[in-house]
Amino acid sequence: MLRFVLRRIFLILPVLIGLTVIMFVIARVLPGDPVALAAGPNATRDEIARYAQEFGLDRPIWVQYWSYLTGLMQGDFGVSIFTRRPVATDLATYLPATLELVFAAMMLAIAIGIPAGLMAAVWRNRWPDYTSNVLSVAAISMPRFFLGLLLQLCFAMWLMWLPLGGRFPIIYEPPPFVTGFYTLDALFAGDWESFVVACRYLALPAIAMSLSPLATILRMMRASTIEVLHQDYVTTARALGLSPRLIVFKYVLRNAISSSLTVIGLYFGWLLGGTVLVETVFDWPGIGLYATSAIVAQDFMPVVSVALVIGFLFICANIVIDVLYGLINPKVRYQ
Amino acid sequence: MTALLDIRNLHLSMHSFDGEARVLAGISLTVQRGEIWGLVGETGCGKSVTGLSVSRLLRSPPAEYTQGQILFEGTDVLTRTEAQMLTLRGRHIGMIFQDPTTNLNPSFRIGTQLIDVALAAARHDSAILGVPTGAGRSARRVAARRLAVSMLEQVGIPDAEARLDDYPHQFSGGMRQRVLVAMALIGRPGLLIADEPTTALDVSVQAQILALLKSMVAAYDMGVVLITHNLGVVSQVCTHVAVMYAGTIVESGPRETVLDQPLHPYTQALLRAIPSRDVARGALQGLPGSVPDLINAPPGCRFAPRCPLVRPECLAAAPTSRQIAPQHHVACPVVSEARHA
């Protein structure tokens with residue numbers, strides 16, 4: 001098992017290097033002159049050239065790439081040509097916000113989707129199944145940002161239960177930085193009040209993000225549970241007097257969950273890369289907004305670095321999923 | 001004395017899109033402790049459905065019992081609630097199925113599966129585990145594990161204690177079937193239903209499993225219904241035989257009587273269809289025709305369309321089973337007359 005994990009971790013390296021090469025090249029061959037854009041509309045040719053020299057953009061692309069790569073080894077993600085801030089600092093600010101949102105959304109999706117899918121399969125073609133079918137089709141087919149708007153309208157405008165947007169009240173100090181997740185940091189600081197506030201701000205965007213993975217997990221879980229319920233070993237378990245609850249929640253669940261695991265891993269990546277709409281609607285200061293503004297400004301370094309970080313997290317998520325596969329399916333483990 | 005299992009005139013219909021299939025049309029069978037009944041017949045004749053009915057494992061709908069009773073130790077299982085059936089399954093009625101590769105859960109250690117069956121069987125009867133009634137969870141668990149080890153030893157799995165922590169894929173097919181035998185018997189059931197327990201195994205392993213079953217039945221004084229389509233298996237282990245055709249039992253009785261002096265034309269045809277070294281090349285006889293459609297089954301004897309001895313009255317009404325000799329029943333008016341004539 002340990003060797004399996006180590007081998008997987010070792011294989012990350014070539015993937016990440018490949019990712020930097022592709023991103024670097026794409027960012028450079030795109031039309032437009034980012035330096036001119038950053039230098040401003042009134043800059044003279046000389047000023048633009050000086051600007052390019054300052055950021056090392058006058059060097060050949062492979063030299064630039066090499067200096068980026070060696071910088072990465074030391075945790076240096078380059079400097080934004082637009083804000084002149086180091087990208088690493090920006091990532092440290094924005095990435096935890098997005099990760100907190102994505103984790104919260106995935107936890108909601110898993111915690112509800114898996115038991116609901118199991119139930120829908122057990123009560124197939126009865127009302128719990130029909131209800132979950134209708135709701136999940138609605139959840140999958142509704143765009144995330146639209147759902148966000150609806151939630152805002154309902155819970156923030158009409159009912160006034162939850163804040164409209166943002167991550168924390170501006171007038172208060174957020175909890176001291178440990179993980180960058182406000183909810184966790186508040187707990188670490190023992191600040192119960194801040195925790196509740198952070199959760200209230202997190203709730204609506206997390207729900208908006210969670211519904212499509214929730215519905216997908218539910219559907220996958222339902223389909224695989226139905227398949228497992230028809231297996232011979234379920235008949236044997238029934239024939240030997242095991243209670244239905246034990247059969248479903250122990251014996252069926254473990255066999256049915258693996259297809260959902262795949263979806264969970266994939267969705268984790270998709271959500272990381274697709275937060276921008278939800279972040280826009282809820283004014284959530286995350287990496288999606290950061291990357292989008294960098295793309296618009298043709299600011300390479302943030303774009304390449306965000307892609308790299310998301311790629312890295314996506315790979316990590318899938319390694320975790322692979323390990324879980326091994327835990328669930330003994331055949332994978334012993335190979 | 002109440003019989004262990006007494007199936008009386010059981011009728012079972014299955015509702016399908018094409019209409020109502022009368023899958024069982026009046027099955028009667030009595031099994032006592034110590035008896036091993038071989039239930040033989042072609043695929044689709046209702047053998048497995050009969051076995052599953054005893055434990056009420058068919059989903060209803062589509063299955064519907066239209067007539068008859070299944071008396072287990074004197075009470076009708078068809079009138080029992082699902083909760084009552086839970087206390088019967090595993091504890092009083094054990095089952096073994098055909099394919100050992102698919103009947104063990106691949107994701108759990110065999111120990112876990114054995115222990116759960118033992119604990120389920122001991123829900124209302126702690127004596128199985130050898131612990132007092134009020135024993136705590138951990139004490140029951142320890143006892144169940146000990147019982148699982150002893151069962152594995154009894155079914156001939158070497159190094160049982162260590163193998164308890166292995167997964168099904170780490171066992172060979174024959175060993176897996178032994179594990180399933182242990183699982184079926186860990187609750188000390190009085191009745192064992194074995195549905196084609198050797199069909200999926202190699203011939204050499206088949207003999208081992210049959211010998212194992214036979215010895216376990218003797219050790220625990222069980223009654224057994226052994227469902228098979230293999231008459232060789234029947235002659236090896238069974239004390240009694242019931243021959244099924246299209247949802248009816250056409251002939252039943254002690255093994256020697258039925259296999260050596262078969263009366264029903266279907267039994268005779270079945271025996272003629274067994275290949276053996278003595279049969280000359282090309283002389284093996286199949287049975288012409290095919291199994292009737294159970295949705296629009298013929299009103300009379302279901303075997304009549306293929307029967308060499310068919311008479312007009314066979315087509316009019318279903319034949320009733322008659323006792324020809326002690327325990328020997330045949331559902332055919334023609335042959336009984338032929339014998340007596």
# chains A, B, ... in the order shown; residues from 1 in each chain; ligands from 1
call {"tool": "select_by_dssp", "arguments": {"residues": "range 45-254 of chain B", "states": "strand (DSSP E)", "output": "VMD selection string"}}
result
chain B and resid 63 to 72 75 to 76 93 to 96 191 to 195 223 to 228 240 to 245 248 to 254
call {"tool": "closest_atom_pairs", "arguments": {"of": "chain A", "to": "chain B", "cutoff": "12 Å", "atoms": "only C-alpha atoms", "output": "JSON lines"}}
result
{"residue": "A:Val228", "atom": "CA", "partner": "B:Asn105", "partner_atom": "CA", "distance": 10.2}
{"residue": "A:Leu229", "atom": "CA", "partner": "B:Asn105", "partner_atom": "CA", "distance": 11.6}
{"residue": "A:His230", "atom": "CA", "partner": "B:Thr102", "partner_atom": "CA", "distance": 11.0}
{"residue": "A:Gln231", "atom": "CA", "partner": "B:Thr102", "partner_atom": "CA", "distance": 7.4}
{"residue": "A:Asp232", "atom": "CA", "partner": "B:Asn103", "partner_atom": "CA", "distance": 5.0}
{"residue": "A:Tyr233", "atom": "CA", "partner": "B:Asn103", "partner_atom": "CA", "distance": 4.0}
{"residue": "A:Val234", "atom": "CA", "partner": "B:Asn103", "partner_atom": "CA", "distance": 7.7}
{"residue": "A:Thr235", "atom": "CA", "partner": "B:Leu57", "partner_atom": "CA", "distance": 7.9}
{"residue": "A:Thr236", "atom": "CA", "partner": "B:Asn103", "partner_atom": "CA", "distance": 6.2}
{"residue": "A:Ala237", "atom": "CA", "partner": "B:Val117", "partner_atom": "CA", "distance": 7.9}
{"residue": "A:Arg238", "atom": "CA", "partner": "B:Leu57", "partner_atom": "CA", "distance": 7.6}
{"residue": "A:Ala239", "atom": "CA", "partner": "B:Arg89", "partner_atom": "CA", "distance": 5.8}
{"residue": "A:Leu240", "atom": "CA", "partner": "B:Gly90", "partner_atom": "CA", "distance": 3.8}
{"residue": "A:Gly241", "atom": "CA", "partner": "B:Arg89", "partner_atom": "CA", "distance": 4.4}
{"residue": "A:Leu242", "atom": "CA", "partner": "B:Ala120", "partner_atom": "CA", "distance": 5.8}
{"residue": "A:Ser243", "atom": "CA", "partner": "B:Leu86", "partner_atom": "CA", "distance": 7.0}
{"residue": "A:Pro244", "atom": "CA", "partner": "B:Leu86", "partner_atom": "CA", "distance": 9.2}
{"residue": "A:Arg245", "atom": "CA", "partner": "B:Leu86", "partner_atom": "CA", "distance": 11.9}
{"residue": "A:Leu246", "atom": "CA", "partner": "B:Asp116", "partner_atom": "CA", "distance": 9.0}
{"residue": "A:Ile247", "atom": "CA", "partner": "B:Asp116", "partner_atom": "CA", "distance": 10.1}
{"residue": "A:Lys250", "atom": "CA", "partner": "B:Phe108", "partner_atom": "CA", "distance": 9.6}
{"residue": "A:Tyr251", "atom": "CA", "partner": "B:Asn105", "partner_atom": "CA", "distance": 7.3}
{"residue": "A:Val252", "atom": "CA", "partner": "B:Asn105", "partner_atom": "CA", "distance": 8.9}
{"residue": "A:Leu253", "atom": "CA", "partner": "B:Ser107", "partner_atom": "CA", "distance": 10.2}
{"residue": "A:Arg254", "atom": "CA", "partner": "B:Ser107", "partner_atom": "CA", "distance": 7.1}
{"residue": "A:Asn255", "atom": "CA", "partner": "B:Ser107", "partner_atom": "CA", "distance": 6.6}
{"residue": "A:Ala256", "atom": "CA", "partner": "B:Ser107", "partner_atom": "CA", "distance": 10.4}
{"residue": "A:Ile257", "atom": "CA", "partner": "B:Ser107", "partner_atom": "CA", "distance": 11.3}
{"residue": "A:Ser258", "atom": "CA", "partner": "B:Ser107", "partner_atom": "CA", "distance": 11.0}
{"residue": "A:Tyr325", "atom": "CA", "partner": "B:Ser107", "partner_atom": "CA", "distance": 10.8}
{"residue": "A:Gly326", "atom": "CA", "partner": "B:Ser107", "partner_atom": "CA", "distance": 10.4}
{"residue": "A:Leu327", "atom": "CA", "partner": "B:Ser107", "partner_atom": "CA", "distance": 9.3}
{"residue": "A:Ile328", "atom": "CA", "partner": "B:Ser107", "partner_atom": "CA", "distance": 6.6}
{"residue": "A:Asn329", "atom": "CA", "partner": "B:Ser107", "partner_atom": "CA", "distance": 5.6}
{"residue": "A:Pro330", "atom": "CA", "partner": "B:Ser107", "partner_atom": "CA", "distance": 6.2}
{"residue": "A:Lys331", "atom": "CA", "partner": "B:His169", "partner_atom": "CA", "distance": 7.4}
{"residue": "A:Val332", "atom": "CA", "partner": "B:Ser107", "partner_atom": "CA", "distance": 10.5}
{"residue": "A:Arg333", "atom": "CA", "partner": "B:Ser107", "partner_atom": "CA", "distance": 11.1}
{"residue": "A:Tyr334", "atom": "CA", "partner": "B:Gln170", "partner_atom": "CA", "distance": 9.8}
{"residue": "A:Gln335", "atom": "CA", "partner": "B:His169", "partner_atom": "CA", "distance": 11.7}
call {"tool": "atom_distance", "arguments": {"atom1": "CA of Ser194 in chain A", "atom2": "CA of Gly180 in chain A"}}
result
13.6 Å
call {"tool": "select_by_dssp", "arguments": {"residues": "range 175-308 of chain A", "states": "helix (DSSP H, G or I)", "output": "ChimeraX atom specification"}}
result
/A:182-188,192-229,232-239,244-256,258-273,276-282,287-296,300-308
call {"tool": "atom_distance", "arguments": {"atom1": "CA of Asp260 in chain B", "atom2": "CA of Pro292 in chain B"}}
result
27.2 Å
call {"tool": "residues_around", "arguments": {"residues": "range 84-88 of chain A", "least_positions_apart": "2", "cutoff": "10 Å", "atoms": "only C-alpha atoms", "output": "PyMOL selection string"}}
result
chain A and resi 55+72+75-82+90-93+301-303+305-306
call {"tool": "write_last_selection", "arguments": {"atoms": "N, CA and C atoms", "output": "PDB file, in the first residue's frame"}}
result
ATOM      1  N   PHE A  55      10.992  42.832 -16.112  1.00  0.00           N
ATOM      2  CA  PHE A  55      10.399  41.538 -15.775  1.00  0.00           C
ATOM      3  C   PHE A  55      11.093  40.380 -16.475  1.00  0.00           C
ATOM      4  N   LEU A  72      10.325  28.143  -8.975  1.00  0.00           N
ATOM      5  CA  LEU A  72       9.301  27.282  -8.364  1.00  0.00           C
ATOM      6  C   LEU A  72       9.895  26.400  -7.275  1.00  0.00           C
ATOM      7  N   GLY A  75       9.776  27.976  -4.161  1.00  0.00           N
ATOM      8  CA  GLY A  75       8.484  28.505  -3.744  1.00  0.00           C
ATOM      9  C   GLY A  75       8.192  29.879  -4.332  1.00  0.00           C
ATOM     10  N   ASP A  76       8.918  30.242  -5.384  1.00  0.00           N
ATOM     11  CA  ASP A  76       8.698  31.544  -6.012  1.00  0.00           C
ATOM     12  C   ASP A  76       7.856  31.345  -7.272  1.00  0.00           C
ATOM     13  N   PHE A  77       6.638  31.867  -7.259  1.00  0.00           N
ATOM     14  CA  PHE A  77       5.737  31.672  -8.396  1.00  0.00           C
ATOM     15  C   PHE A  77       5.815  32.823  -9.397  1.00  0.00           C
ATOM     16  N   GLY A  78       6.838  33.653  -9.272  1.00  0.00           N
ATOM     17  CA  GLY A  78       6.963  34.778 -10.193  1.00  0.00           C
ATOM     18  C   GLY A  78       6.232  36.002  -9.666  1.00  0.00           C
ATOM     19  N   VAL A  79       6.258  37.053 -10.493  1.00  0.00           N
ATOM     20  CA  VAL A  79       5.662  38.322 -10.077  1.00  0.00           C
ATOM     21  C   VAL A  79       4.629  38.736 -11.112  1.00  0.00           C
ATOM     22  N   SER A  80       3.520  39.261 -10.634  1.00  0.00           N
ATOM     23  CA  SER A  80       2.500  39.750 -11.548  1.00  0.00           C
ATOM     24  C   SER A  80       3.006  41.019 -12.221  1.00  0.00           C
ATOM     25  N   ILE A  81       2.930  41.090 -13.566  1.00  0.00           N
ATOM     26  CA  ILE A  81       3.418  42.297 -14.229  1.00  0.00           C
ATOM     27  C   ILE A  81       2.423  43.430 -14.054  1.00  0.00           C
ATOM     28  N   PHE A  82       1.267  43.108 -13.559  1.00  0.00           N
ATOM     29  CA  PHE A  82       0.217  44.118 -13.441  1.00  0.00           C
ATOM     30  C   PHE A  82       0.241  44.794 -12.081  1.00  0.00           C
ATOM     31  N   ASP A  90      -0.285  36.312  -3.386  1.00  0.00           N
ATOM     32  CA  ASP A  90      -1.694  36.333  -3.791  1.00  0.00           C
ATOM     33  C   ASP A  90      -2.335  34.961  -3.618  1.00  0.00           C
ATOM     34  N   LEU A  91      -1.590  33.918  -4.012  1.00  0.00           N
ATOM     35  CA  LEU A  91      -2.143  32.561  -3.881  1.00  0.00           C
ATOM     36  C   LEU A  91      -2.447  32.259  -2.418  1.00  0.00           C
ATOM     37  N   ALA A  92      -1.548  32.648  -1.540  1.00  0.00           N
ATOM     38  CA  ALA A  92      -1.752  32.376  -0.112  1.00  0.00           C
ATOM     39  C   ALA A  92      -3.007  33.074   0.394  1.00  0.00           C
ATOM     40  N   THR A  93      -3.364  34.201  -0.229  1.00  0.00           N
ATOM     41  CA  THR A  93      -4.569  34.914   0.190  1.00  0.00           C
ATOM     42  C   THR A  93      -5.827  34.276  -0.390  1.00  0.00           C
ATOM     43  N   MET A 301       1.979  35.222 -15.230  1.00  0.00           N
ATOM     44  CA  MET A 301       2.458  34.487 -14.066  1.00  0.00           C
ATOM     45  C   MET A 301       1.315  33.981 -13.188  1.00  0.00           C
ATOM     46  N   PRO A 302       0.348  34.812 -12.851  1.00  0.00           N
ATOM     47  CA  PRO A 302      -0.775  34.288 -12.070  1.00  0.00           C
ATOM     48  C   PRO A 302      -1.514  33.172 -12.807  1.00  0.00           C
ATOM     49  N   VAL A 303      -1.711  33.316 -14.119  1.00  0.00           N
ATOM     50  CA  VAL A 303      -2.473  32.318 -14.869  1.00  0.00           C
ATOM     51  C   VAL A 303      -1.760  30.972 -14.839  1.00  0.00           C
ATOM     52  N   SER A 305       0.483  29.974 -12.773  1.00  0.00           N
ATOM     53  CA  SER A 305       0.604  29.449 -11.415  1.00  0.00           C
ATOM     54  C   SER A 305      -0.715  28.891 -10.899  1.00  0.00           C
ATOM     55  N   VAL A 306      -1.802  29.579 -11.205  1.00  0.00           N
ATOM     56  CA  VAL A 306      -3.110  29.074 -10.776  1.00  0.00           C
ATOM     57  C   VAL A 306      -3.384  27.725 -11.433  1.00  0.00           C
TER      58      VAL A 306
END
